[in-house]
Amino acid sequence: MKEKRVLRIIENMQKHNLKQMIVTSPAAIFYLTGKWIEPGERLLALYINVEGDKRLFINELFPIDKDEDLDLIIYNDVQDPINIMRDFINRDQILGIDKNWPSHFLIKFMENNIAPGYVNSSPIVDRVRMIKDEEEIALMRENSKINDRVMSKLVALIAKDYDEKKICGILSELYEEEGASGFSFHPLIAYGKNAAEPHHDSDKSRLSTGDSVILDIGGRKDNYCSDMTRTVFYKELSDEAKNIYNIVLEANLEAIDKVKPGARFCDIDRAARGLIENHGYGKYFTHRTGHNIGIEVHDFGDVSAVNEDIVQPGMIFSIEPGIYLPNKLGVRIEDLVLVTEQGVEVLNSYTKKLQVIE
Ligand SMILES: [Mn+2]
């Protein structure tokens with residue numbers, strides 16, 4: 001068990017006047033127990049109450065190490081786990097439920113009146129997870145260093161003129177070489193007009209002279225994620241492309257400059273968006289400026305125009321402004337940043353200098 005994290009969760013439950021809840025997302029269970037379990041369609045639930053009881057309901061098919069701080073309630077395929085759970089749940093108290101728990105489990109809870117009412121308790125866990133502890137920060141730093149090294153090898157491959165899909169395949173080997181255990185999300189490799197689609201799915205496209213090349217990549221190690229984007233150009237660079245690159249770079253730097261405790265997420269978004277708007281490209285910056293990241297590549301929280309939450313030390317999120325001219329080109333520059341007591345630490349160090357690959 002990660003006792004300090006559990007205590008932070010219980011504190012937050014008390015703040016929200018919630019006495020008991022079940023945590024069911026594998027990412028949140030990993031966060032609290034250090035064990036990653038993918039239960040498929042079978043029930044997996046970590047029960048927590050404010051008295052400090054912690055019980056994991058788990059099918060016997062998933063082997064799990066004993067943990068003296070955690071009661072394991074093991075069931076098998078011919079038992080009904082909900083019948084077992086009901087004896088451990090306080091029938092007079094509202095029960096918190098994870099946002100992604102399959103509804104058929106919850107409906108059964110409701111039909112059997114296992115608790116007098118239910119609330120979505122994911123925000124209680126998610127908001128604690130937003131503030132990374134030292135162990136998490138160390139893993140995130142290490143992951144971003146791996147991503148920097150992979151990016152450096154990847155950019156060197158562009159001159160070989162492989163198609164987008166082929167690059168994705170090679171990339172998977174590069175992460176292995178550098179010590180990651182795979183991707184944190186499917187890499188986004190986009191050439192020329194494909195780069196104008198912020199979520200282009202890599203295909204057999206080959207490079208043409210003058211293409212902008214978006215490389216949006218992330219690896220996974222020890223169940224934490226990295227995420228970084230660089231844009232380079234192939235053989236030639238038009239004045240327009242150079243101008244757009246410089247605007248996006250300036251937007252990335254302006255936004256990073258705004259990151260410090262006390263700022264609001266929307267202020268950071270505004271810094272990037274304002275700069276791009278002032279250059280007349282506002283309508284071509286079609287997405288939010290960034291997202292929180294950690295165990296999941298999109299952890300709870302984002303850097304958007306409507307998020308007025310206050311930035312706090314320990315938060316880690318992306319800063320990734322972009323400009324996309326349909327059927328022409330796209331430019332995005334993304335770094336992960338850690339909020340510190342003093343301000344900001346940028347976790348990526350791979351160069352943002354404009355590069356034309358020969
Ligand atoms: Mn991202």
# chains A, B, ... in the order shown; residues from 1 in each chain; ligands from 1
$ residues_around --residues "segment 338-355 of chain A" --least-positions-apart "4" --cutoff "8 Å" --atoms "only C-alpha atoms" --output "mmCIF file with C-alpha atoms, in the first residue's frame"
data_model
loop_
_atom_site.group_PDB
_atom_site.id
_atom_site.type_symbol
_atom_site.label_atom_id
_atom_site.label_comp_id
_atom_site.auth_asym_id
_atom_site.auth_seq_id
_atom_site.Cartn_x
_atom_site.Cartn_y
_atom_site.Cartn_z
ATOM 1 C CA MET A 140 8.162 11.495 -14.625
ATOM 2 C CA ARG A 141 11.572 13.193 -14.912
ATOM 3 C CA SER A 144 10.854 12.572 -20.081
ATOM 4 C CA LYS A 145 14.626 12.063 -20.328
ATOM 5 C CA ASN A 147 11.557 10.654 -24.450
ATOM 6 C CA ASP A 148 14.234 13.282 -25.195
ATOM 7 C CA ARG A 149 16.678 10.551 -26.225
ATOM 8 C CA MET A 151 13.186 12.082 -30.069
ATOM 9 C CA SER A 152 16.800 12.696 -30.902
ATOM 10 C CA MET A 228 6.402 15.474 -26.237
ATOM 11 C CA ARG A 230 8.470 18.470 -32.059
ATOM 12 C CA VAL A 232 10.714 19.613 -38.167
ATOM 13 C CA PHE A 233 10.745 20.408 -41.886
ATOM 14 C CA TYR A 245 6.992 27.822 -36.489
ATOM 15 C CA LEU A 249 7.486 28.419 -30.431
ATOM 16 C CA ILE A 256 5.579 28.040 -19.937
ATOM 17 C CA ASP A 257 6.563 31.448 -18.592
ATOM 18 C CA VAL A 259 3.369 28.445 -15.116
ATOM 19 C CA LYS A 260 3.764 29.066 -11.399
ATOM 20 C CA PRO A 261 1.842 28.365 -8.195
ATOM 21 C CA VAL A 311 -1.953 25.622 -10.524
ATOM 22 C CA GLN A 312 -0.111 24.083 -7.552
ATOM 23 C CA PRO A 313 3.373 22.693 -6.897
ATOM 24 C CA GLY A 314 3.612 19.025 -7.911
ATOM 25 C CA MET A 315 1.279 19.279 -10.884
ATOM 26 C CA ILE A 316 2.596 17.997 -14.219
ATOM 27 C CA PHE A 317 0.956 18.889 -17.512
ATOM 28 C CA ILE A 333 5.562 22.142 -30.018
#
$ residues_around --residues "Ser202 of chain A" --least-positions-apart "3" --cutoff "12 Å" --atoms "only C-alpha atoms" --output "PyMOL selection string"
chain A and resi 162-169+186-191+194-195+197-199+205-206+213-216
$ write_last_selection --atoms "C-alpha atoms" --output "PDB file, in the first residue's frame"
ATOM      1  CA  TYR A 162      10.333   6.129 -44.404  1.00  0.00           C
ATOM      2  CA  ASP A 163       6.530   6.232 -44.500  1.00  0.00           C
ATOM      3  CA  GLU A 164       4.677   7.309 -41.343  1.00  0.00           C
ATOM      4  CA  LYS A 165       3.672   3.793 -40.347  1.00  0.00           C
ATOM      5  CA  LYS A 166       7.201   2.460 -40.727  1.00  0.00           C
ATOM      6  CA  ILE A 167       8.465   5.241 -38.436  1.00  0.00           C
ATOM      7  CA  CYS A 168       5.915   4.162 -35.783  1.00  0.00           C
ATOM      8  CA  GLY A 169       7.250   0.618 -35.963  1.00  0.00           C
ATOM      9  CA  HIS A 186      -0.155   5.573 -30.233  1.00  0.00           C
ATOM     10  CA  PRO A 187       2.528   7.851 -31.732  1.00  0.00           C
ATOM     11  CA  LEU A 188       1.376  10.614 -33.965  1.00  0.00           C
ATOM     12  CA  ILE A 189       3.681  10.898 -36.960  1.00  0.00           C
ATOM     13  CA  ALA A 190       2.274  13.236 -39.597  1.00  0.00           C
ATOM     14  CA  TYR A 191       3.819  14.598 -42.798  1.00  0.00           C
ATOM     15  CA  ASN A 194      -1.484  15.173 -42.632  1.00  0.00           C
ATOM     16  CA  ALA A 195       0.188  17.371 -40.021  1.00  0.00           C
ATOM     17  CA  GLU A 197      -4.962  17.124 -38.651  1.00  0.00           C
ATOM     18  CA  PRO A 198      -4.091  17.336 -34.941  1.00  0.00           C
ATOM     19  CA  HIS A 199      -4.996  13.654 -34.466  1.00  0.00           C
ATOM     20  CA  SER A 205       2.384   8.641 -46.605  1.00  0.00           C
ATOM     21  CA  ARG A 206       5.911   9.518 -47.689  1.00  0.00           C
ATOM     22  CA  VAL A 213       6.689  16.848 -39.920  1.00  0.00           C
ATOM     23  CA  ILE A 214       4.875  16.518 -36.596  1.00  0.00           C
ATOM     24  CA  LEU A 215       6.385  14.008 -34.185  1.00  0.00           C
ATOM     25  CA  ASP A 216       4.115  13.607 -31.128  1.00  0.00           C
TER      26      ASP A 216
END
$ select_by_dssp --residues "segment 122-340 of chain A" --states "alpha helix (DSSP H)" --output "MDAnalysis selection string"
chainID A and resid 122:129 134:157 164:177 239:258 265:278
$ residues_around --residues "Lys66 of chain A" --least-positions-apart "6" --cutoff "12 Å" --atoms "only C-alpha atoms" --output "list in words"
Met1, Thr33, Lys35, Leu56, Leu72, Ile73 and Ile74 of chain A
$ write_last_selection --atoms "N, CA, C and O atoms" --output "PDB file, in the first residue's frame"
ATOM      1  N   MET A   1       0.840  -1.203   0.000  1.00  0.00           N
ATOM      2  CA  MET A   1       0.000   0.000   0.000  1.00  0.00           C
ATOM      3  C   MET A   1       0.873   1.251   0.000  1.00  0.00           C
ATOM      4  O   MET A   1       1.935   1.279   0.599  1.00  0.00           O
ATOM      5  N   THR A  33      -2.136   1.222  -4.352  1.00  0.00           N
ATOM      6  CA  THR A  33      -1.607  -0.051  -3.850  1.00  0.00           C
ATOM      7  C   THR A  33      -0.233  -0.409  -4.418  1.00  0.00           C
ATOM      8  O   THR A  33       0.442  -1.285  -3.881  1.00  0.00           O
ATOM      9  N   LYS A  35       0.006  -1.897  -7.174  1.00  0.00           N
ATOM     10  CA  LYS A  35      -0.215  -3.123  -7.963  1.00  0.00           C
ATOM     11  C   LYS A  35      -1.068  -2.789  -9.194  1.00  0.00           C
ATOM     12  O   LYS A  35      -2.122  -2.175  -9.063  1.00  0.00           O
ATOM     13  N   LEU A  56      -9.382  -5.062  -0.802  1.00  0.00           N
ATOM     14  CA  LEU A  56      -9.387  -5.237  -2.243  1.00  0.00           C
ATOM     15  C   LEU A  56     -10.165  -6.493  -2.593  1.00  0.00           C
ATOM     16  O   LEU A  56      -9.826  -7.592  -2.143  1.00  0.00           O
ATOM     17  N   LEU A  72      -7.199  -8.635   1.570  1.00  0.00           N
ATOM     18  CA  LEU A  72      -7.580  -9.169   0.260  1.00  0.00           C
ATOM     19  C   LEU A  72      -8.817 -10.033   0.426  1.00  0.00           C
ATOM     20  O   LEU A  72      -8.842 -10.938   1.253  1.00  0.00           O
ATOM     21  N   ILE A  73      -9.842  -9.740  -0.344  1.00  0.00           N
ATOM     22  CA  ILE A  73     -11.039 -10.569  -0.338  1.00  0.00           C
ATOM     23  C   ILE A  73     -11.095 -11.227  -1.712  1.00  0.00           C
ATOM     24  O   ILE A  73     -11.391 -10.567  -2.713  1.00  0.00           O
ATOM     25  N   ILE A  74     -10.737 -12.503  -1.736  1.00  0.00           N
ATOM     26  CA  ILE A  74     -10.567 -13.179  -3.019  1.00  0.00           C
ATOM     27  C   ILE A  74     -11.811 -14.017  -3.322  1.00  0.00           C
ATOM     28  O   ILE A  74     -12.281 -14.775  -2.474  1.00  0.00           O
TER      29      ILE A  74
END
$ residues_near_ligand --ligand "ligand 1" --cutoff "8 Å" --atoms "only C-alpha atoms and all ligand atoms" --output "ChimeraX atom specification"
/A:216,227-229,290-291,297-298,318-320,334
$ residues_around --residues "segment 321-329 of chain A" --least-positions-apart "6" --cutoff "8 Å" --atoms "only C-alpha atoms" --output "PDB file with all heavy atoms, in the first residue's frame"
ATOM      1  N   GLY A 192       3.432  16.764 -43.821  1.00  0.00           N
ATOM      2  CA  GLY A 192       2.786  17.705 -44.743  1.00  0.00           C
ATOM      3  C   GLY A 192       1.354  17.993 -44.384  1.00  0.00           C
ATOM      4  O   GLY A 192       1.052  18.404 -43.274  1.00  0.00           O
ATOM      5  N   LYS A 193       0.421  17.732 -45.336  1.00  0.00           N
ATOM      6  CA  LYS A 193      -0.975  18.085 -45.052  1.00  0.00           C
ATOM      7  C   LYS A 193      -1.563  17.200 -43.952  1.00  0.00           C
ATOM      8  O   LYS A 193      -2.500  17.594 -43.278  1.00  0.00           O
ATOM      9  CB  LYS A 193      -1.835  18.092 -46.311  1.00  0.00           C
ATOM     10  CG  LYS A 193      -1.992  16.769 -47.024  1.00  0.00           C
ATOM     11  CD  LYS A 193      -2.908  16.981 -48.220  1.00  0.00           C
ATOM     12  CE  LYS A 193      -2.985  15.803 -49.160  1.00  0.00           C
ATOM     13  NZ  LYS A 193      -3.110  14.465 -48.593  1.00  0.00           N
ATOM     14  N   ASN A 194      -1.016  16.006 -43.754  1.00  0.00           N
ATOM     15  CA  ASN A 194      -1.484  15.173 -42.632  1.00  0.00           C
ATOM     16  C   ASN A 194      -1.227  15.871 -41.293  1.00  0.00           C
ATOM     17  O   ASN A 194      -1.959  15.659 -40.322  1.00  0.00           O
ATOM     18  CB  ASN A 194      -0.765  13.821 -42.599  1.00  0.00           C
ATOM     19  CG  ASN A 194      -1.088  12.961 -43.807  1.00  0.00           C
ATOM     20  OD1 ASN A 194      -2.068  13.218 -44.499  1.00  0.00           O
ATOM     21  ND2 ASN A 194      -0.270  11.956 -44.054  1.00  0.00           N
ATOM     22  N   ALA A 195      -0.167  16.677 -41.258  1.00  0.00           N
ATOM     23  CA  ALA A 195       0.188  17.371 -40.021  1.00  0.00           C
ATOM     24  C   ALA A 195      -0.843  18.443 -39.669  1.00  0.00           C
ATOM     25  O   ALA A 195      -0.879  18.955 -38.555  1.00  0.00           O
ATOM     26  CB  ALA A 195       1.583  17.991 -40.142  1.00  0.00           C
ATOM     27  N   ALA A 196      -1.704  18.764 -40.639  1.00  0.00           N
ATOM     28  CA  ALA A 196      -2.760  19.741 -40.371  1.00  0.00           C
ATOM     29  C   ALA A 196      -3.925  19.125 -39.608  1.00  0.00           C
ATOM     30  O   ALA A 196      -4.812  19.822 -39.131  1.00  0.00           O
ATOM     31  CB  ALA A 196      -3.251  20.354 -41.678  1.00  0.00           C
ATOM     32  N   GLU A 197      -3.940  17.786 -39.480  1.00  0.00           N
ATOM     33  CA  GLU A 197      -4.962  17.124 -38.651  1.00  0.00           C
ATOM     34  C   GLU A 197      -4.324  16.835 -37.300  1.00  0.00           C
ATOM     35  O   GLU A 197      -3.456  15.969 -37.206  1.00  0.00           O
ATOM     36  CB  GLU A 197      -5.382  15.774 -39.260  1.00  0.00           C
ATOM     37  CG  GLU A 197      -5.797  15.793 -40.708  1.00  0.00           C
ATOM     38  CD  GLU A 197      -5.807  14.356 -41.300  1.00  0.00           C
ATOM     39  OE1 GLU A 197      -5.942  13.389 -40.522  1.00  0.00           O
ATOM     40  OE2 GLU A 197      -5.646  14.233 -42.515  1.00  0.00           O
ATOM     41  N   PRO A 198      -4.774  17.520 -36.233  1.00  0.00           N
ATOM     42  CA  PRO A 198      -4.091  17.336 -34.941  1.00  0.00           C
ATOM     43  C   PRO A 198      -4.077  15.886 -34.460  1.00  0.00           C
ATOM     44  O   PRO A 198      -3.205  15.513 -33.689  1.00  0.00           O
ATOM     45  CB  PRO A 198      -4.883  18.228 -33.990  1.00  0.00           C
ATOM     46  CG  PRO A 198      -5.541  19.242 -34.862  1.00  0.00           C
ATOM     47  CD  PRO A 198      -5.805  18.565 -36.171  1.00  0.00           C
ATOM     48  N   ASP A 211       7.649  19.616 -46.610  1.00  0.00           N
ATOM     49  CA  ASP A 211       6.679  19.141 -45.609  1.00  0.00           C
ATOM     50  C   ASP A 211       7.045  19.590 -44.190  1.00  0.00           C
ATOM     51  O   ASP A 211       8.211  19.576 -43.817  1.00  0.00           O
ATOM     52  CB  ASP A 211       6.644  17.603 -45.579  1.00  0.00           C
ATOM     53  CG  ASP A 211       5.668  17.013 -46.588  1.00  0.00           C
ATOM     54  OD1 ASP A 211       4.964  17.803 -47.249  1.00  0.00           O
ATOM     55  OD2 ASP A 211       5.623  15.775 -46.705  1.00  0.00           O
ATOM     56  N   SER A 212       6.016  19.927 -43.429  1.00  0.00           N
ATOM     57  CA  SER A 212       6.210  20.008 -41.979  1.00  0.00           C
ATOM     58  C   SER A 212       5.990  18.587 -41.459  1.00  0.00           C
ATOM     59  O   SER A 212       5.173  17.839 -41.992  1.00  0.00           O
ATOM     60  CB  SER A 212       5.206  20.976 -41.345  1.00  0.00           C
ATOM     61  OG  SER A 212       3.894  20.491 -41.474  1.00  0.00           O
ATOM     62  N   ALA A 241       5.871  28.912 -43.470  1.00  0.00           N
ATOM     63  CA  ALA A 241       6.093  27.837 -42.492  1.00  0.00           C
ATOM     64  C   ALA A 241       7.046  28.302 -41.392  1.00  0.00           C
ATOM     65  O   ALA A 241       6.835  28.020 -40.208  1.00  0.00           O
ATOM     66  CB  ALA A 241       6.649  26.601 -43.197  1.00  0.00           C
ATOM     67  N   ILE A 244       5.162  30.587 -39.053  1.00  0.00           N
ATOM     68  CA  ILE A 244       4.251  29.831 -38.186  1.00  0.00           C
ATOM     69  C   ILE A 244       5.044  29.100 -37.104  1.00  0.00           C
ATOM     70  O   ILE A 244       4.660  29.081 -35.933  1.00  0.00           O
ATOM     71  CB  ILE A 244       3.390  28.860 -39.038  1.00  0.00           C
ATOM     72  CG1 ILE A 244       2.329  29.678 -39.787  1.00  0.00           C
ATOM     73  CG2 ILE A 244       2.728  27.793 -38.165  1.00  0.00           C
ATOM     74  CD1 ILE A 244       1.490  28.885 -40.755  1.00  0.00           C
ATOM     75  N   VAL A 248       4.433  29.569 -33.040  1.00  0.00           N
ATOM     76  CA  VAL A 248       4.093  28.455 -32.133  1.00  0.00           C
ATOM     77  C   VAL A 248       5.159  28.326 -31.048  1.00  0.00           C
ATOM     78  O   VAL A 248       4.835  28.118 -29.865  1.00  0.00           O
ATOM     79  CB  VAL A 248       3.928  27.127 -32.918  1.00  0.00           C
ATOM     80  CG1 VAL A 248       3.760  25.954 -31.961  1.00  0.00           C
ATOM     81  CG2 VAL A 248       2.726  27.212 -33.857  1.00  0.00           C
ATOM     82  N   ALA A 251       4.561  30.968 -28.559  1.00  0.00           N
ATOM     83  CA  ALA A 251       3.377  30.636 -27.750  1.00  0.00           C
ATOM     84  C   ALA A 251       3.732  29.595 -26.690  1.00  0.00           C
ATOM     85  O   ALA A 251       3.307  29.685 -25.527  1.00  0.00           O
ATOM     86  CB  ALA A 251       2.254  30.112 -28.653  1.00  0.00           C
ATOM     87  N   ASN A 252       4.518  28.601 -27.081  1.00  0.00           N
ATOM     88  CA  ASN A 252       4.970  27.565 -26.136  1.00  0.00           C
ATOM     89  C   ASN A 252       5.766  28.228 -24.993  1.00  0.00           C
ATOM     90  O   ASN A 252       5.521  27.954 -23.810  1.00  0.00           O
ATOM     91  CB  ASN A 252       5.818  26.541 -26.920  1.00  0.00           C
ATOM     92  CG  ASN A 252       6.625  25.592 -26.043  1.00  0.00           C
ATOM     93  OD1 ASN A 252       7.647  25.991 -25.481  1.00  0.00           O
ATOM     94  ND2 ASN A 252       6.195  24.341 -25.917  1.00  0.00           N
ATOM     95  N   ALA A 272      -0.827  31.397 -24.439  1.00  0.00           N
ATOM     96  CA  ALA A 272      -0.493  30.770 -25.728  1.00  0.00           C
ATOM     97  C   ALA A 272      -1.472  31.230 -26.808  1.00  0.00           C
ATOM     98  O   ALA A 272      -1.088  31.624 -27.911  1.00  0.00           O
ATOM     99  CB  ALA A 272      -0.539  29.252 -25.596  1.00  0.00           C
ATOM    100  N   ARG A 273      -2.770  31.196 -26.456  1.00  0.00           N
ATOM    101  CA  ARG A 273      -3.811  31.497 -27.445  1.00  0.00           C
ATOM    102  C   ARG A 273      -3.758  32.959 -27.865  1.00  0.00           C
ATOM    103  O   ARG A 273      -3.910  33.303 -29.035  1.00  0.00           O
ATOM    104  CB  ARG A 273      -5.185  31.150 -26.868  1.00  0.00           C
ATOM    105  CG  ARG A 273      -6.259  30.870 -27.900  1.00  0.00           C
ATOM    106  CD  ARG A 273      -7.476  30.193 -27.263  1.00  0.00           C
ATOM    107  NE  ARG A 273      -7.130  28.934 -26.646  1.00  0.00           N
ATOM    108  CZ  ARG A 273      -6.972  27.800 -27.328  1.00  0.00           C
ATOM    109  NH1 ARG A 273      -7.171  27.764 -28.627  1.00  0.00           N
ATOM    110  NH2 ARG A 273      -6.625  26.692 -26.700  1.00  0.00           N
ATOM    111  N   TYR A 281      -3.654  33.877 -36.379  1.00  0.00           N
ATOM    112  CA  TYR A 281      -3.873  32.441 -36.603  1.00  0.00           C
ATOM    113  C   TYR A 281      -4.783  31.798 -35.556  1.00  0.00           C
ATOM    114  O   TYR A 281      -4.831  30.574 -35.441  1.00  0.00           O
ATOM    115  CB  TYR A 281      -2.521  31.706 -36.623  1.00  0.00           C
ATOM    116  CG  TYR A 281      -1.697  31.977 -37.864  1.00  0.00           C
ATOM    117  CD1 TYR A 281      -0.628  32.872 -37.832  1.00  0.00           C
ATOM    118  CD2 TYR A 281      -2.003  31.343 -39.077  1.00  0.00           C
ATOM    119  CE1 TYR A 281       0.131  33.119 -38.969  1.00  0.00           C
ATOM    120  CE2 TYR A 281      -1.251  31.588 -40.213  1.00  0.00           C
ATOM    121  CZ  TYR A 281      -0.181  32.476 -40.159  1.00  0.00           C
ATOM    122  OH  TYR A 281       0.561  32.718 -41.281  1.00  0.00           O
ATOM    123  N   TYR A 284      -6.849  28.779 -36.226  1.00  0.00           N
ATOM    124  CA  TYR A 284      -6.119  27.561 -36.621  1.00  0.00           C
ATOM    125  C   TYR A 284      -5.462  26.853 -35.429  1.00  0.00           C
ATOM    126  O   TYR A 284      -4.737  25.890 -35.589  1.00  0.00           O
ATOM    127  CB  TYR A 284      -5.057  27.898 -37.674  1.00  0.00           C
ATOM    128  CG  TYR A 284      -5.660  28.517 -38.908  1.00  0.00           C
ATOM    129  CD1 TYR A 284      -5.493  29.869 -39.187  1.00  0.00           C
ATOM    130  CD2 TYR A 284      -6.432  27.742 -39.781  1.00  0.00           C
ATOM    131  CE1 TYR A 284      -6.074  30.446 -40.308  1.00  0.00           C
ATOM    132  CE2 TYR A 284      -7.011  28.311 -40.907  1.00  0.00           C
ATOM    133  CZ  TYR A 284      -6.835  29.660 -41.159  1.00  0.00           C
ATOM    134  OH  TYR A 284      -7.422  30.222 -42.265  1.00  0.00           O
ATOM    135  N   PHE A 285      -5.711  27.398 -34.235  1.00  0.00           N
ATOM    136  CA  PHE A 285      -5.248  26.716 -33.003  1.00  0.00           C
ATOM    137  C   PHE A 285      -6.520  26.103 -32.416  1.00  0.00           C
ATOM    138  O   PHE A 285      -7.258  26.730 -31.676  1.00  0.00           O
ATOM    139  CB  PHE A 285      -4.605  27.733 -32.055  1.00  0.00           C
ATOM    140  CG  PHE A 285      -4.168  27.173 -30.710  1.00  0.00           C
ATOM    141  CD1 PHE A 285      -4.010  25.808 -30.498  1.00  0.00           C
ATOM    142  CD2 PHE A 285      -3.903  28.043 -29.665  1.00  0.00           C
ATOM    143  CE1 PHE A 285      -3.604  25.321 -29.257  1.00  0.00           C
ATOM    144  CE2 PHE A 285      -3.494  27.561 -28.415  1.00  0.00           C
ATOM    145  CZ  PHE A 285      -3.354  26.198 -28.221  1.00  0.00           C
ATOM    146  N   THR A 286      -6.768  24.836 -32.785  1.00  0.00           N
ATOM    147  CA  THR A 286      -8.105  24.264 -32.615  1.00  0.00           C
ATOM    148  C   THR A 286      -8.283  23.445 -31.344  1.00  0.00           C
ATOM    149  O   THR A 286      -9.354  22.895 -31.117  1.00  0.00           O
ATOM    150  CB  THR A 286      -8.411  23.358 -33.825  1.00  0.00           C
ATOM    151  OG1 THR A 286      -7.251  22.540 -34.061  1.00  0.00           O
ATOM    152  CG2 THR A 286      -8.694  24.179 -35.065  1.00  0.00           C
ATOM    153  N   HIS A 287      -7.242  23.307 -30.534  1.00  0.00           N
ATOM    154  CA  HIS A 287      -7.393  22.485 -29.325  1.00  0.00           C
ATOM    155  C   HIS A 287      -6.913  23.236 -28.096  1.00  0.00           C
ATOM    156  O   HIS A 287      -6.342  24.320 -28.204  1.00  0.00           O
ATOM    157  CB  HIS A 287      -6.647  21.146 -29.486  1.00  0.00           C
ATOM    158  CG  HIS A 287      -5.193  21.301 -29.870  1.00  0.00           C
ATOM    159  ND1 HIS A 287      -4.231  21.676 -28.960  1.00  0.00           N
ATOM    160  CD2 HIS A 287      -4.560  21.159 -31.058  1.00  0.00           C
ATOM    161  CE1 HIS A 287      -3.050  21.730 -29.577  1.00  0.00           C
ATOM    162  NE2 HIS A 287      -3.221  21.434 -30.846  1.00  0.00           N
ATOM    163  N   ARG A 288      -7.147  22.615 -26.923  1.00  0.00           N
ATOM    164  CA  ARG A 288      -6.680  23.220 -25.680  1.00  0.00           C
ATOM    165  C   ARG A 288      -5.140  23.233 -25.653  1.00  0.00           C
ATOM    166  O   ARG A 288      -4.495  22.514 -26.419  1.00  0.00           O
ATOM    167  CB  ARG A 288      -7.244  22.435 -24.496  1.00  0.00           C
ATOM    168  CG  ARG A 288      -6.788  20.994 -24.502  1.00  0.00           C
ATOM    169  CD  ARG A 288      -7.535  20.129 -23.500  1.00  0.00           C
ATOM    170  NE  ARG A 288      -7.024  18.753 -23.598  1.00  0.00           N
ATOM    171  CZ  ARG A 288      -7.499  17.710 -22.940  1.00  0.00           C
ATOM    172  NH1 ARG A 288      -8.536  17.856 -22.124  1.00  0.00           N
ATOM    173  NH2 ARG A 288      -6.968  16.523 -23.082  1.00  0.00           N
ATOM    174  N   THR A 289      -4.586  24.032 -24.752  1.00  0.00           N
ATOM    175  CA  THR A 289      -3.121  24.173 -24.708  1.00  0.00           C
ATOM    176  C   THR A 289      -2.431  22.952 -24.099  1.00  0.00           C
ATOM    177  O   THR A 289      -1.278  22.671 -24.422  1.00  0.00           O
ATOM    178  CB  THR A 289      -2.753  25.465 -23.947  1.00  0.00           C
ATOM    179  OG1 THR A 289      -3.223  26.572 -24.717  1.00  0.00           O
ATOM    180  CG2 THR A 289      -1.258  25.609 -23.726  1.00  0.00           C
ATOM    181  N   GLY A 290      -3.124  22.212 -23.221  1.00  0.00           N
ATOM    182  CA  GLY A 290      -2.445  21.055 -22.631  1.00  0.00           C
ATOM    183  C   GLY A 290      -3.347  20.226 -21.746  1.00  0.00           C
ATOM    184  O   GLY A 290      -4.536  20.517 -21.602  1.00  0.00           O
TER     185      GLY A 290
END
$ closest_residue --among "A:Ala27, A:Ala156, A:Leu43, A:Leu237" --to "Thr209 of chain A" --atoms "only C-alpha atoms"
A:Leu237
$ residues_around --residues "segment 96-108 of chain A" --least-positions-apart "6" --cutoff "12 Å" --atoms "only C-alpha atoms" --output "JSON list (two decimals) with C-alpha atoms, in the first residue's frame"
[["chain", "number", "residue", "atom", "x", "y", "z"],
["A", 13, "MET", "CA", -13.00, 12.23, 1.67],
["A", 16, "HIS", "CA", -16.17, 16.22, 1.06],
["A", 17, "ASN", "CA", -18.06, 14.53, 3.86],
["A", 18, "LEU", "CA", -17.87, 11.12, 2.22],
["A", 19, "LYS", "CA", -17.39, 8.19, 4.61],
["A", 20, "GLN", "CA", -16.83, 5.29, 2.22],
["A", 21, "MET", "CA", -16.07, 4.63, -1.41],
["A", 22, "ILE", "CA", -14.89, 2.06, -3.89],
["A", 23, "VAL", "CA", -12.02, 2.77, -6.24],
["A", 24, "THR", "CA", -12.12, 0.62, -9.35],
["A", 25, "SER", "CA", -10.00, 2.10, -12.14],
["A", 26, "PRO", "CA", -6.77, 0.10, -12.58],
["A", 27, "ALA", "CA", -4.78, 3.37, -12.68],
["A", 28, "ALA", "CA", -6.23, 4.59, -9.36],
["A", 29, "ILE", "CA", -5.80, 1.17, -7.75],
["A", 39, "PRO", "CA", -9.41, -7.32, -14.50],
["A", 40, "GLY", "CA", -11.09, -7.35, -17.93],
["A", 41, "GLU", "CA", -14.82, -7.86, -17.37],
["A", 42, "ARG", "CA", -14.36, -9.22, -13.83],
["A", 43, "LEU", "CA", -15.06, -7.13, -10.76],
["A", 44, "LEU", "CA", -12.07, -5.43, -9.14],
["A", 45, "ALA", "CA", -12.75, -2.95, -6.33],
["A", 46, "LEU", "CA", -10.75, -1.28, -3.59],
["A", 47, "TYR", "CA", -13.02, -0.33, -0.69],
["A", 48, "ILE", "CA", -11.81, 2.55, 1.50],
["A", 49, "ASN", "CA", -13.54, 4.21, 4.43],
["A", 50, "VAL", "CA", -12.59, 7.14, 6.64],
["A", 80, "ASP", "CA", -21.05, -13.40, -6.95],
["A", 81, "PRO", "CA", -18.56, -10.76, -5.79],
["A", 82, "ILE", "CA", -21.32, -8.24, -5.09],
["A", 83, "ASN", "CA", -22.87, -10.63, -2.60],
["A", 85, "MET", "CA", -18.98, -7.05, -0.95],
["A", 86, "ARG", "CA", -22.34, -6.19, 0.62],
["A", 89, "ILE", "CA", -20.19, -1.95, 3.15],
["A", 90, "ASN", "CA", -21.89, 0.36, 5.64],
["A", 114, "ILE", "CA", -26.43, -1.98, -0.66],
["A", 115, "ALA", "CA", -26.05, 1.72, 0.19],
["A", 116, "PRO", "CA", -28.68, 4.45, 0.69],
["A", 117, "GLY", "CA", -27.20, 6.48, -2.18],
["A", 118, "TYR", "CA", -24.25, 6.83, -4.50],
["A", 119, "VAL", "CA", -21.98, 9.68, -5.60],
["A", 120, "ASN", "CA", -19.23, 9.92, -8.18],
["A", 121, "SER", "CA", -16.12, 9.91, -5.97],
["A", 122, "SER", "CA", -13.55, 9.97, -8.79],
["A", 123, "PRO", "CA", -12.84, 13.70, -8.33],
["A", 124, "ILE", "CA", -11.72, 12.95, -4.75],
["A", 125, "VAL", "CA", -9.04, 10.57, -6.05],
["A", 126, "ASP", "CA", -8.28, 12.50, -9.23],
["A", 300, "PHE", "CA", -7.60, 14.53, -14.76]]
